[in-house]
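Undergrad: My structure is below; once you've seen it, I'll send some questions.
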Amino acid sequence: MRAQYDKEHFRQHSLPTPFHPRLAELSQGSSWHCWKGHLSPAYFENVELEYFAIRNACSVMDLSPMCKYRIRGQDAEAFFDRMVTRDMSKLKPGRVGYSVWCNDQGKVIDDGTIFRFAEHDYRLCAYERQYEWLKISAAGFEVDITEQTEEIAALTVQGPTSFAVLNKMDLPGLETLKPFGIMHFPYHGGELMVSRTGFTADLGYELWVEASKALTLWDELFEAGRHHGIRAIGTDALDIARVEAGFIQAADDFTPANHTIRKDHDRSPFEIGLGWLVNLEKPNFTGRKALIREKEKGSRYRLVKLDIDGNKPAHASYIFHDRKKLAGAVTSAVWSPTCKQNIALASLEVAADHPLDDLWAEVYYQRELHWNRVWLRCRVQDKPFWNPPRRRATPPGLF
Amino acid sequence: MTDRYDVLIIGAGHNGLVCAAYLAKAGWKVLVLERSDQPGGAAITREFAPGFRVSACAHILHMLQAKVIRDLNLKAHGLDLGGPSIDTIALAEDGNHLTIRQRSIEGAQVTAAEKAAYAAFIERMERHAKALAPQLLKTPPRLANAGLANAMQLAGMGWGIRFGLGKKRMQDFLRIVGMNIYDLLDEVFESEALKGALALDAVLGSAMEPRMPGTVLTYLYRLAGGLKSTLTLPKGGMGSVTAALADAATTFGAEIRTAVPVERVLLEGGRAVGVVLAGGEELRALSVISNADPKTTFLKLVGARNLEAGFAHRIGNLRASGRTAKVHMVLNSLPDFTGLEQDALGNRLIVAASRKYVEDAFNHSKYGEYSDQPVMEITIPSVADPSLAPAGKHVLSAIVQYAPFDLKGGWDAHKDSFVERVVDVISAYAPDFRDKMTLVECLTPVDIEREFGMTGGHWHHGELALDQLFMMRPTYGTAQYRTPIDGLYLCGAGAHPGGGVMGAAGHNAAQAILAGDK
């Protein structure tokens with residue numbers, strides 16, 4: 001499984017990704033952090049510039065540390081259908097589906113995207129390592145599971161000009177690719193897979209190649225994007241965009257069940273706003289019985305999108321009813337440069353029928369080592385903060 | 001409902017029959033489905049050579065619950081325990097055997113002090129066992145999401161241990177319950193022969209050896225199941241016990257169909273609604289109860305894919321790899337055991353000369369080998385019950401350990417040499433043995449799995465060990481006879497309180513099902 005690692009790999013705290021030589025060249029801040037064992041930059045030069053590349057031009061981020069698993073075999077569909085909460089018979093070959101999967105207690109282990117390449121051939125892309133859980137879930141199914149995290153390099157190319165950039169790369173037919181679609185192209189003797197997916201709620205693509213082609217892909221992509229404002233970005237910029245999109249992040253907005261020790265500190269799909277991914281009509285999937293019980297009894301938590309007054313991001317703030325009774329806490333917060341809104345995701349411990357029209361955030365902020373506190377009014381939003389039509393347009397715009 | 005049956009019971013083993021009898025007695029319409037051509041499961045008496053019959057697996061009845069005998073009126077249905085308790089004779093090559101009775105020991109080399117120590121030890125162990133015994137006929141409590149009844153039962157267990165035993169005995173219980181029998185016996189006895197014999201009781205039928213932690217618990221468990229240490233050889237062999245159970249069940253109105261292997265449990269919308277037989281015939285009922293072992297029930301009859309992943313994983317990890325073989329032999333006449341009168345041969349003869357002997361026997365099995373010097377529990381049931389063999393001839397039935405399920409090189413290649421070892425070992429105690437024996441049948445764990453459908457050939461349906469007992473048997477999530485599949489229940493030895501011809505699991509399952517709805 002790990003044969004591709006160098007014998008001396010353990011001497012390094014974090015492994016370089018296949019794009020590392022290019023990342024290192026561009027990194028001016030040395031903002032490296034460890035993303036699931038890989039070196040990843042939080043930013044290269046300036047988070048704001050990188051963020052605006054996502055919204056106004058074309059951003060490129062190294063996605064290689066995402067955990068990737070190939071699942072093949074005649075039972076692959078049945079295997080996924082039992083493992084994840086959504087109805088996998090609806091995911092056709094050539095399509096990507098987002099889902100969560102739970103443990104027997106109905107608590108979310110992780111969320112991720114499932115790529116269906118062919119009838120019996122899938123790839124799972126997840127934030128957390130999943131090999132063990134996949135093996136556990138495979139008992140009784142004819143499937144073969146291969147760890148591909150190291151062998152597949154990936155870039156996420158997001159922003160209004162992302163199609164214009166890729167359009168210059170000899171990828172015939174790309175204009176017909178719909179959101180959540182997959183296309184395969186021959187690439188220097190290998191294969192380039194393009195999926196119209198992303199974590200930004202904008203027009204964007206993800207590119208997947210074998211690790212040996214990574215640098216070639218990077219160079220060709222940046223050459224193609226030279227006149228389209230292409231820019232390498234780190235994870236900080238993406239984190240702003242994903243909150244605008246209303247996307248949750250494992251370990252930020254929920255703790256993955258397999259890493260949660262304290263009782264009730266994990267979350268069910270209903271409790272993180274992903275009830276729409278749960279199909280209780282399926283006769284069996286892991287977590288089903290617990291989720292049916294939860295549906296009957298009511299969930300303990302709920303995740304809300306908040307539009308907060310003022311301009312001070314409500315990082316880690318407590319949320320109160322009417323400034324008196326504790327209702328929950330913010331899990332992700334950001335000032336949205338595009339929406340010009342102070343936005344947040346918050347986990348509330350409130351019954352489903354309890355009104356949420358009196359929420360306030362208690363926000364602490366510092367000015368030259370002096371702490372200040374403000375009460376900011378919060379309004380629950382149903383829709384993503386950012387959701388432009390260009391995200392879905394097919395053929396996409398040539399901005 | 002238009003269903004013809006209220007419940008289908010998969011397997012007519014003794015627990016399946018007990019469960020069927022209780023449910024039928026309560027007025028339920030019960031159909032028991034048995035894969036082989038006679039009811040009884042592994043608790044049957046079987047002809048292994050023309051005219052020679054023997055109990056196929058367990059051959060000594062010592063744990064069948066008095067309540068079950070009483071409730072089902074088994075004596076009226078033909079149960080004959082075959083007389084009072086037999087003795088245990090720990091064989092010694094020099095003929096200085098040790099006779100172990102319910103409360104006393106005897107032997108040429110046994111000192112008065114050792115006799116007193118034995119009486120005190122048995123009294124002490126039986127007191128402890130009594131603290132456990134009431135739990136055998138109860139559904140284990142749930143630990144998570146425990147309601148009041150569960151909390152009360154847990155409190156009752158604690159109460160029984162604290163106040164039933166008293167402070168001093170409770171301290172002793174808590175000190176020794178996690179110990180190994182090897183060390184405990186050292187604290188009490190001088191005689192290595194006695195220590196070996198008692199150590200065997202702690203590991204019989206399991207994949208353990210006397211130095212393993214938990215072997216005091218298995219010893220107590222054996223005592224708790226068979227209080228008063230009564231050992232009987234039922235007349236007609238173990239099959240007569242299940243015949244009585246089958247008779248009781250059918251008298252109460254249950255139906256038993258034999259030679260109908262169940263292929264799988266029929267599921268609709270995640271609920272068990274019946275079974276599919278090997279021929280494709282579908283039978284429906286309000287509930288399905290499985291007497292099969294947990295791995296067979298969940299991984300074969302239900303299928304891992306129809307379970308949630310964590311639960312299926314726990315079932316897959318259950319330790320149920322048998323290391324016990326059964327050897328049957330035809331004897332042309334009774335062999336001459338050194339230092340033993342012929343009329344003593346109707347007793348339980350054991351080969352476990354010392355704790356080290358048991359340990360050495362086990363060591364081979366760790367490495368996938370059978371024991372060079374196996375331990376044995378031997379009976380010659382035809383001494384007391386001539387119906388088992390033609391006049392003047394006899395049958396020998398031996399439980400032989402250790403014979404690992406996954407023998408290196410496979411059993412096909414090694415069965416004959418294993419039997420040779422068995423004959424050699426017996427010959428050390430009965431020099432003319434080889435001349436007296438003729439036909440041999442050897443059931444290795446592989447044969448037991450194939451013949452009786454027990455995964456790993458483990459006749460307790462899974463190790464009796466602390467992590468697989470009480471509210472952990474077979475595993476949490478299905479330790480109260482209910483399973484994660486609505487409408488499907490367990491009633492076999494894989495459920496609490498486990499194996500041995502006890503009938504407790506079948507009794508408890510029936511009570512749990514009667515307490516709930518159909």
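Just remember, in the structure tokens the first chain shown is A, the second B, etc., residues are 1-based per chain, and ligands are 1-based in the order shown.
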Just the residues within 10 Å of Ala391 (chain B), please, counting only C-alpha atoms, with nothing from its chain fewer than 2 positions along; format it as a compact mmCIF listing (two decimals) with N, CA, C and O atoms, in the first residue's frame.
TA:
```txt
# COMPACT_ATOMS: atom_id res chain seq x y z
N GLY B 51 -24.15 -50.86 14.65
CA GLY B 51 -24.47 -51.35 15.98
C GLY B 51 -23.86 -50.56 17.11
O GLY B 51 -24.13 -50.82 18.27
N ASN B 332 -13.70 -54.08 21.34
CA ASN B 332 -14.18 -55.46 21.31
C ASN B 332 -14.46 -55.98 22.71
O ASN B 332 -15.34 -56.81 22.92
N SER B 333 -13.68 -55.47 23.67
CA SER B 333 -13.98 -55.72 25.07
C SER B 333 -13.34 -54.59 25.85
O SER B 333 -12.58 -53.79 25.29
N SER B 382 -21.10 -47.25 27.25
CA SER B 382 -21.75 -48.56 27.13
C SER B 382 -21.60 -49.40 28.40
O SER B 382 -22.30 -50.40 28.57
N PRO B 386 -25.95 -50.51 28.02
CA PRO B 386 -25.63 -51.52 27.00
C PRO B 386 -26.33 -51.28 25.66
O PRO B 386 -25.93 -51.87 24.65
N SER B 387 -27.33 -50.38 25.67
CA SER B 387 -28.04 -50.16 24.40
C SER B 387 -27.14 -49.53 23.34
O SER B 387 -27.48 -49.49 22.17
N LEU B 388 -25.98 -49.02 23.75
CA LEU B 388 -25.14 -48.28 22.81
C LEU B 388 -24.24 -49.19 21.97
O LEU B 388 -23.66 -48.73 20.98
N ALA B 389 -24.09 -50.45 22.38
CA ALA B 389 -23.19 -51.35 21.64
C ALA B 389 -23.74 -52.77 21.72
O ALA B 389 -24.48 -53.10 22.65
N LYS B 393 -19.65 -55.83 23.78
CA LYS B 393 -18.75 -54.86 23.15
C LYS B 393 -19.03 -53.47 23.71
O LYS B 393 -20.03 -53.25 24.39
N HIS B 394 -18.15 -52.53 23.39
CA HIS B 394 -18.26 -51.20 24.00
C HIS B 394 -17.92 -50.09 23.01
O HIS B 394 -17.33 -50.34 21.96
```
Undergrad: Considering only C-alpha atoms, return as a JSON list (two decimals) with N, CA, C and O atoms, in the first residue's frame whatever protein or nucleic-acid residues lie within 10 Å of Cys58 (chain A), sequence-local ones (same chain, fewer than 6 positions apart) excluded.
TA:
```
[["chain", "number", "residue", "atom", "x", "y", "z"],
["A", 50, "GLU", "N", -5.11, 35.93, -3.24],
["A", 50, "GLU", "CA", -5.42, 34.54, -3.60],
["A", 50, "GLU", "C", -6.92, 34.31, -3.56],
["A", 50, "GLU", "O", -7.49, 33.65, -4.42],
["A", 51, "TYR", "N", -7.58, 34.88, -2.57],
["A", 51, "TYR", "CA", -9.02, 34.75, -2.50],
["A", 51, "TYR", "C", -9.66, 35.38, -3.74],
["A", 51, "TYR", "O", -10.55, 34.77, -4.37],
["A", 52, "PHE", "N", -9.22, 36.56, -4.12],
["A", 52, "PHE", "CA", -9.85, 37.21, -5.27],
["A", 52, "PHE", "C", -9.55, 36.49, -6.58],
["A", 52, "PHE", "O", -10.30, 36.63, -7.55],
["A", 157, "VAL", "N", -8.99, 23.89, -9.79],
["A", 157, "VAL", "CA", -8.87, 25.09, -10.61],
["A", 157, "VAL", "C", -10.22, 25.79, -10.56],
["A", 157, "VAL", "O", -11.21, 25.30, -11.11],
["A", 158, "GLN", "N", -10.30, 26.88, -9.82],
["A", 158, "GLN", "CA", -11.60, 27.48, -9.53],
["A", 158, "GLN", "C", -11.60, 28.97, -9.87],
["A", 158, "GLN", "O", -10.62, 29.67, -9.62],
["A", 159, "GLY", "N", -12.71, 29.41, -10.38],
["A", 159, "GLY", "CA", -12.85, 30.83, -10.66],
["A", 159, "GLY", "C", -13.49, 31.06, -12.01],
["A", 159, "GLY", "O", -13.55, 30.14, -12.84],
["A", 160, "PRO", "N", -13.97, 32.28, -12.25],
["A", 160, "PRO", "CA", -14.71, 32.55, -13.49],
["A", 160, "PRO", "C", -13.92, 32.27, -14.76],
["A", 160, "PRO", "O", -14.50, 31.89, -15.77],
["A", 161, "THR", "N", -12.59, 32.43, -14.72],
["A", 161, "THR", "CA", -11.84, 32.20, -15.96],
["A", 161, "THR", "C", -11.28, 30.77, -16.05],
["A", 161, "THR", "O", -10.50, 30.46, -16.93],
["A", 162, "SER", "N", -11.70, 29.92, -15.11],
["A", 162, "SER", "CA", -11.11, 28.58, -15.09],
["A", 162, "SER", "C", -11.39, 27.81, -16.38],
["A", 162, "SER", "O", -10.53, 27.10, -16.90],
["A", 163, "PHE", "N", -12.60, 27.98, -16.92],
["A", 163, "PHE", "CA", -12.89, 27.29, -18.18],
["A", 163, "PHE", "C", -12.04, 27.86, -19.31],
["A", 163, "PHE", "O", -11.48, 27.12, -20.13],
["A", 164, "ALA", "N", -11.93, 29.18, -19.34],
["A", 164, "ALA", "CA", -11.13, 29.82, -20.40],
["A", 164, "ALA", "C", -9.69, 29.29, -20.38],
["A", 164, "ALA", "O", -9.08, 29.07, -21.43],
["A", 165, "VAL", "N", -9.16, 29.07, -19.18],
["A", 165, "VAL", "CA", -7.80, 28.56, -19.06],
["A", 165, "VAL", "C", -7.73, 27.12, -19.62],
["A", 165, "VAL", "O", -6.91, 26.80, -20.47],
["A", 203, "LEU", "N", -17.61, 28.64, -10.72],
["A", 203, "LEU", "CA", -17.21, 27.82, -11.86],
["A", 203, "LEU", "C", -15.84, 27.23, -11.53],
["A", 203, "LEU", "O", -14.93, 27.95, -11.08],
["A", 204, "GLY", "N", -15.69, 25.93, -11.74],
["A", 204, "GLY", "CA", -14.40, 25.35, -11.41],
["A", 204, "GLY", "C", -14.29, 23.88, -11.74],
["A", 204, "GLY", "O", -15.31, 23.21, -12.01],
["A", 225, "GLY", "N", -2.86, 29.73, -18.53],
["A", 225, "GLY", "CA", -3.58, 30.74, -17.77],
["A", 225, "GLY", "C", -2.90, 32.08, -17.70],
["A", 225, "GLY", "O", -3.38, 32.99, -17.02],
["A", 228, "HIS", "N", -5.04, 34.97, -18.11],
["A", 228, "HIS", "CA", -6.36, 34.86, -17.47],
["A", 228, "HIS", "C", -6.28, 35.02, -15.97],
["A", 228, "HIS", "O", -7.17, 34.57, -15.26],
["A", 229, "GLY", "N", -5.24, 35.66, -15.50],
["A", 229, "GLY", "CA", -5.13, 35.94, -14.07],
["A", 229, "GLY", "C", -4.95, 34.71, -13.21],
["A", 229, "GLY", "O", -5.39, 34.67, -12.05],
["A", 230, "ILE", "N", -4.30, 33.69, -13.75],
["A", 230, "ILE", "CA", -4.14, 32.45, -12.97],
["A", 230, "ILE", "C", -3.21, 32.70, -11.79],
["A", 230, "ILE", "O", -2.24, 33.47, -11.89],
["A", 231, "ARG", "N", -3.55, 32.08, -10.65],
["A", 231, "ARG", "CA", -2.74, 32.30, -9.45],
["A", 231, "ARG", "C", -2.81, 31.07, -8.55],
["A", 231, "ARG", "O", -3.88, 30.51, -8.34],
["A", 232, "ALA", "N", -1.64, 30.69, -8.05],
["A", 232, "ALA", "CA", -1.61, 29.58, -7.08],
["A", 232, "ALA", "C", -2.12, 30.09, -5.74],
["A", 232, "ALA", "O", -1.77, 31.20, -5.33],
["A", 233, "ILE", "N", -2.95, 29.29, -5.10],
["A", 233, "ILE", "CA", -3.49, 29.72, -3.80],
["A", 233, "ILE", "C", -3.23, 28.65, -2.74],
["A", 233, "ILE", "O", -3.02, 27.48, -3.04]]
```
Undergrad: Hey, what does DSSP flag as helix (DSSP H, G or I) within region 40-175 of chain A? Can you give it to me as a PyMOL selection string?
TA: chain A and resi 47-56+76-83+88-90+131-137+162-166+174-175
Undergrad: Mind writing the picked residues with N, CA, C and O atoms as a compact mmCIF listing (two decimals), in the first residue's frame?
TA:
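Just written: part14.txt:
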```
# COMPACT_ATOMS: atom_id res chain seq x y z
N VAL A 47 -3.19 36.37 1.23
CA VAL A 47 -4.46 35.64 1.23
C VAL A 47 -5.53 36.37 0.42
O VAL A 47 -6.30 35.75 -0.31
N GLU A 48 -5.58 37.70 0.54
CA GLU A 48 -6.62 38.44 -0.16
C GLU A 48 -6.49 38.28 -1.67
O GLU A 48 -7.47 38.03 -2.37
N LEU A 49 -5.25 38.43 -2.16
CA LEU A 49 -5.03 38.29 -3.61
C LEU A 49 -5.44 36.89 -4.06
O LEU A 49 -6.05 36.71 -5.12
N GLU A 50 -5.11 35.93 -3.24
CA GLU A 50 -5.42 34.54 -3.60
C GLU A 50 -6.92 34.31 -3.56
O GLU A 50 -7.49 33.65 -4.42
N TYR A 51 -7.58 34.88 -2.57
CA TYR A 51 -9.02 34.75 -2.50
C TYR A 51 -9.66 35.38 -3.74
O TYR A 51 -10.55 34.77 -4.37
N PHE A 52 -9.22 36.56 -4.12
CA PHE A 52 -9.85 37.21 -5.27
C PHE A 52 -9.55 36.49 -6.58
O PHE A 52 -10.30 36.63 -7.55
N ALA A 53 -8.50 35.70 -6.60
CA ALA A 53 -8.28 34.85 -7.78
C ALA A 53 -9.43 33.85 -7.92
O ALA A 53 -9.85 33.51 -9.02
N ILE A 54 -9.93 33.37 -6.78
CA ILE A 54 -11.05 32.41 -6.84
C ILE A 54 -12.29 33.08 -7.41
O ILE A 54 -12.99 32.54 -8.26
N ARG A 55 -12.57 34.29 -6.93
CA ARG A 55 -13.84 34.93 -7.30
C ARG A 55 -13.76 35.74 -8.59
O ARG A 55 -14.78 35.93 -9.25
N ASN A 56 -12.57 36.21 -8.94
CA ASN A 56 -12.49 37.12 -10.09
C ASN A 56 -11.66 36.60 -11.25
O ASN A 56 -11.68 37.19 -12.32
N ALA A 76 -19.42 -3.01 -6.32
CA ALA A 76 -19.00 -1.66 -5.91
C ALA A 76 -20.20 -0.76 -5.61
O ALA A 76 -20.20 -0.03 -4.62
N GLU A 77 -21.22 -0.81 -6.46
CA GLU A 77 -22.38 0.06 -6.23
C GLU A 77 -23.08 -0.33 -4.93
O GLU A 77 -23.41 0.53 -4.10
N ALA A 78 -23.29 -1.63 -4.75
CA ALA A 78 -23.95 -2.10 -3.53
C ALA A 78 -23.12 -1.76 -2.30
O ALA A 78 -23.66 -1.40 -1.25
N PHE A 79 -21.81 -1.85 -2.45
CA PHE A 79 -20.91 -1.52 -1.35
C PHE A 79 -21.09 -0.06 -0.91
O PHE A 79 -21.26 0.23 0.26
N PHE A 80 -21.08 0.85 -1.90
CA PHE A 80 -21.24 2.27 -1.56
C PHE A 80 -22.65 2.54 -1.02
O PHE A 80 -22.83 3.34 -0.11
N ASP A 81 -23.61 1.85 -1.60
CA ASP A 81 -24.99 2.07 -1.17
C ASP A 81 -25.15 1.70 0.31
O ASP A 81 -25.90 2.34 1.03
N ARG A 82 -24.44 0.66 0.74
CA ARG A 82 -24.51 0.26 2.15
C ARG A 82 -23.66 1.18 3.02
O ARG A 82 -23.93 1.39 4.18
N MET A 83 -22.57 1.72 2.44
CA MET A 83 -21.66 2.52 3.26
C MET A 83 -22.17 3.94 3.48
O MET A 83 -22.10 4.46 4.59
N MET A 88 -27.15 5.36 -3.83
CA MET A 88 -26.07 5.34 -4.81
C MET A 88 -26.48 4.77 -6.15
O MET A 88 -25.72 4.84 -7.12
N SER A 89 -27.68 4.19 -6.23
CA SER A 89 -28.12 3.69 -7.54
C SER A 89 -28.37 4.87 -8.50
O SER A 89 -28.42 4.70 -9.70
N LYS A 90 -28.50 6.06 -7.92
CA LYS A 90 -28.79 7.23 -8.77
C LYS A 90 -27.53 7.85 -9.35
O LYS A 90 -27.61 8.73 -10.19
N TYR A 131 -9.03 4.12 4.73
CA TYR A 131 -8.75 2.76 4.28
C TYR A 131 -9.34 1.71 5.23
O TYR A 131 -9.98 0.76 4.82
N GLU A 132 -9.15 1.93 6.52
CA GLU A 132 -9.62 0.94 7.48
C GLU A 132 -11.14 0.81 7.45
O GLU A 132 -11.69 -0.29 7.46
N TRP A 133 -11.80 1.96 7.42
CA TRP A 133 -13.27 1.91 7.41
C TRP A 133 -13.79 1.28 6.11
O TRP A 133 -14.77 0.55 6.12
N LEU A 134 -13.11 1.55 5.02
CA LEU A 134 -13.50 0.94 3.75
C LEU A 134 -13.35 -0.57 3.84
O LEU A 134 -14.22 -1.33 3.40
N LYS A 135 -12.25 -1.03 4.43
CA LYS A 135 -12.04 -2.47 4.55
C LYS A 135 -13.11 -3.09 5.46
O LYS A 135 -13.64 -4.16 5.17
N ILE A 136 -13.40 -2.40 6.54
CA ILE A 136 -14.44 -2.91 7.44
C ILE A 136 -15.78 -2.98 6.71
O ILE A 136 -16.52 -3.95 6.82
N SER A 137 -16.06 -1.95 5.93
CA SER A 137 -17.34 -1.90 5.23
C SER A 137 -17.40 -2.89 4.07
O SER A 137 -18.48 -3.15 3.55
N SER A 162 -11.70 29.92 -15.11
CA SER A 162 -11.11 28.58 -15.09
C SER A 162 -11.39 27.81 -16.38
O SER A 162 -10.53 27.10 -16.90
N PHE A 163 -12.60 27.98 -16.92
CA PHE A 163 -12.89 27.29 -18.18
C PHE A 163 -12.04 27.86 -19.31
O PHE A 163 -11.48 27.12 -20.13
N ALA A 164 -11.93 29.18 -19.34
CA ALA A 164 -11.13 29.82 -20.40
C ALA A 164 -9.69 29.29 -20.38
O ALA A 164 -9.08 29.07 -21.43
N VAL A 165 -9.16 29.07 -19.18
CA VAL A 165 -7.80 28.56 -19.06
C VAL A 165 -7.73 27.12 -19.62
O VAL A 165 -6.91 26.80 -20.47
N LEU A 166 -8.63 26.28 -19.10
CA LEU A 166 -8.59 24.88 -19.51
C LEU A 166 -8.90 24.73 -20.99
O LEU A 166 -8.43 23.79 -21.65
N LEU A 174 -14.69 19.76 -23.49
CA LEU A 174 -14.80 20.17 -22.08
C LEU A 174 -15.99 21.10 -21.85
O LEU A 174 -16.57 21.11 -20.77
N GLU A 175 -16.34 21.86 -22.91
CA GLU A 175 -17.44 22.82 -22.74
C GLU A 175 -18.78 22.12 -22.46
O GLU A 175 -19.71 22.72 -21.94
```
Undergrad: Return as a count of residues only the residues belonging to chain A that are within 7 Å of chain B, counting only C-alpha atoms.
TA: 13
Undergrad: Could you jot down the CA of Glu119 (chain A) to CA of Glu151 (chain A) separation for me, Å, one decimal place?
TA: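 Interatomic distance, CA of Glu119 (chain A) to CA of Glu151 (chain A): 22.5 Å.
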Undergrad: Find the residues near Pro134 (chain B): any atom within 10 Å, counting only C-alpha atoms, skip ones fewer than 4 places away on the same chain, and give them as a list of chain:residue names.
TA: B:Ala129, B:Lys130, B:Lys138, B:Gly156, B:Met157, B:Gly160, B:Ala224, B:Gly225
Undergrad: Go ahead and write the selection's residues with N, CA, C and O atoms as a short mmCIF file (atom, residue, chain, number, x, y, z; two decimals), in the first residue's frame.
TA:
```cif
data_model
loop_
_atom_site.label_atom_id
_atom_site.label_comp_id
_atom_site.auth_asym_id
_atom_site.auth_seq_id
_atom_site.Cartn_x
_atom_site.Cartn_y
_atom_site.Cartn_z
N ALA B 129 -19.69 -19.35 42.42
CA ALA B 129 -20.49 -19.73 41.25
C ALA B 129 -21.95 -19.39 41.47
O ALA B 129 -22.67 -18.99 40.55
N LYS B 130 -22.39 -19.49 42.72
CA LYS B 130 -23.79 -19.19 43.01
C LYS B 130 -24.11 -17.72 42.80
O LYS B 130 -25.26 -17.37 42.55
N LYS B 138 -31.18 -15.38 32.92
CA LYS B 138 -31.74 -14.04 32.71
C LYS B 138 -31.16 -13.43 31.44
O LYS B 138 -30.01 -13.72 31.08
N GLY B 156 -28.69 -5.65 40.70
CA GLY B 156 -28.93 -6.97 41.28
C GLY B 156 -27.69 -7.85 41.20
O GLY B 156 -27.37 -8.58 42.14
N MET B 157 -26.99 -7.77 40.06
CA MET B 157 -25.74 -8.52 39.91
C MET B 157 -24.74 -8.09 40.97
O MET B 157 -24.12 -8.91 41.64
N GLY B 160 -25.87 -9.23 44.42
CA GLY B 160 -25.62 -10.66 44.62
C GLY B 160 -24.16 -10.92 44.97
O GLY B 160 -23.85 -11.74 45.83
N ALA B 224 -21.11 -22.83 37.83
CA ALA B 224 -22.39 -22.12 37.89
C ALA B 224 -23.43 -22.82 37.03
O ALA B 224 -24.61 -22.91 37.38
N GLY B 225 -22.98 -23.32 35.88
CA GLY B 225 -23.92 -24.00 34.99
C GLY B 225 -24.37 -25.32 35.56
O GLY B 225 -25.50 -25.74 35.36
#
```
Undergrad: DSSP on the backbone: which residues in region 50-201 of chain A end up as strand (DSSP E or B)? Give the answer as a VMD selection string.
TA: chain A and resid 58 to 62 67 to 72 84 95 to 102 108 to 118 121 to 126 144 to 147 152 to 158 181 to 187 190 to 195
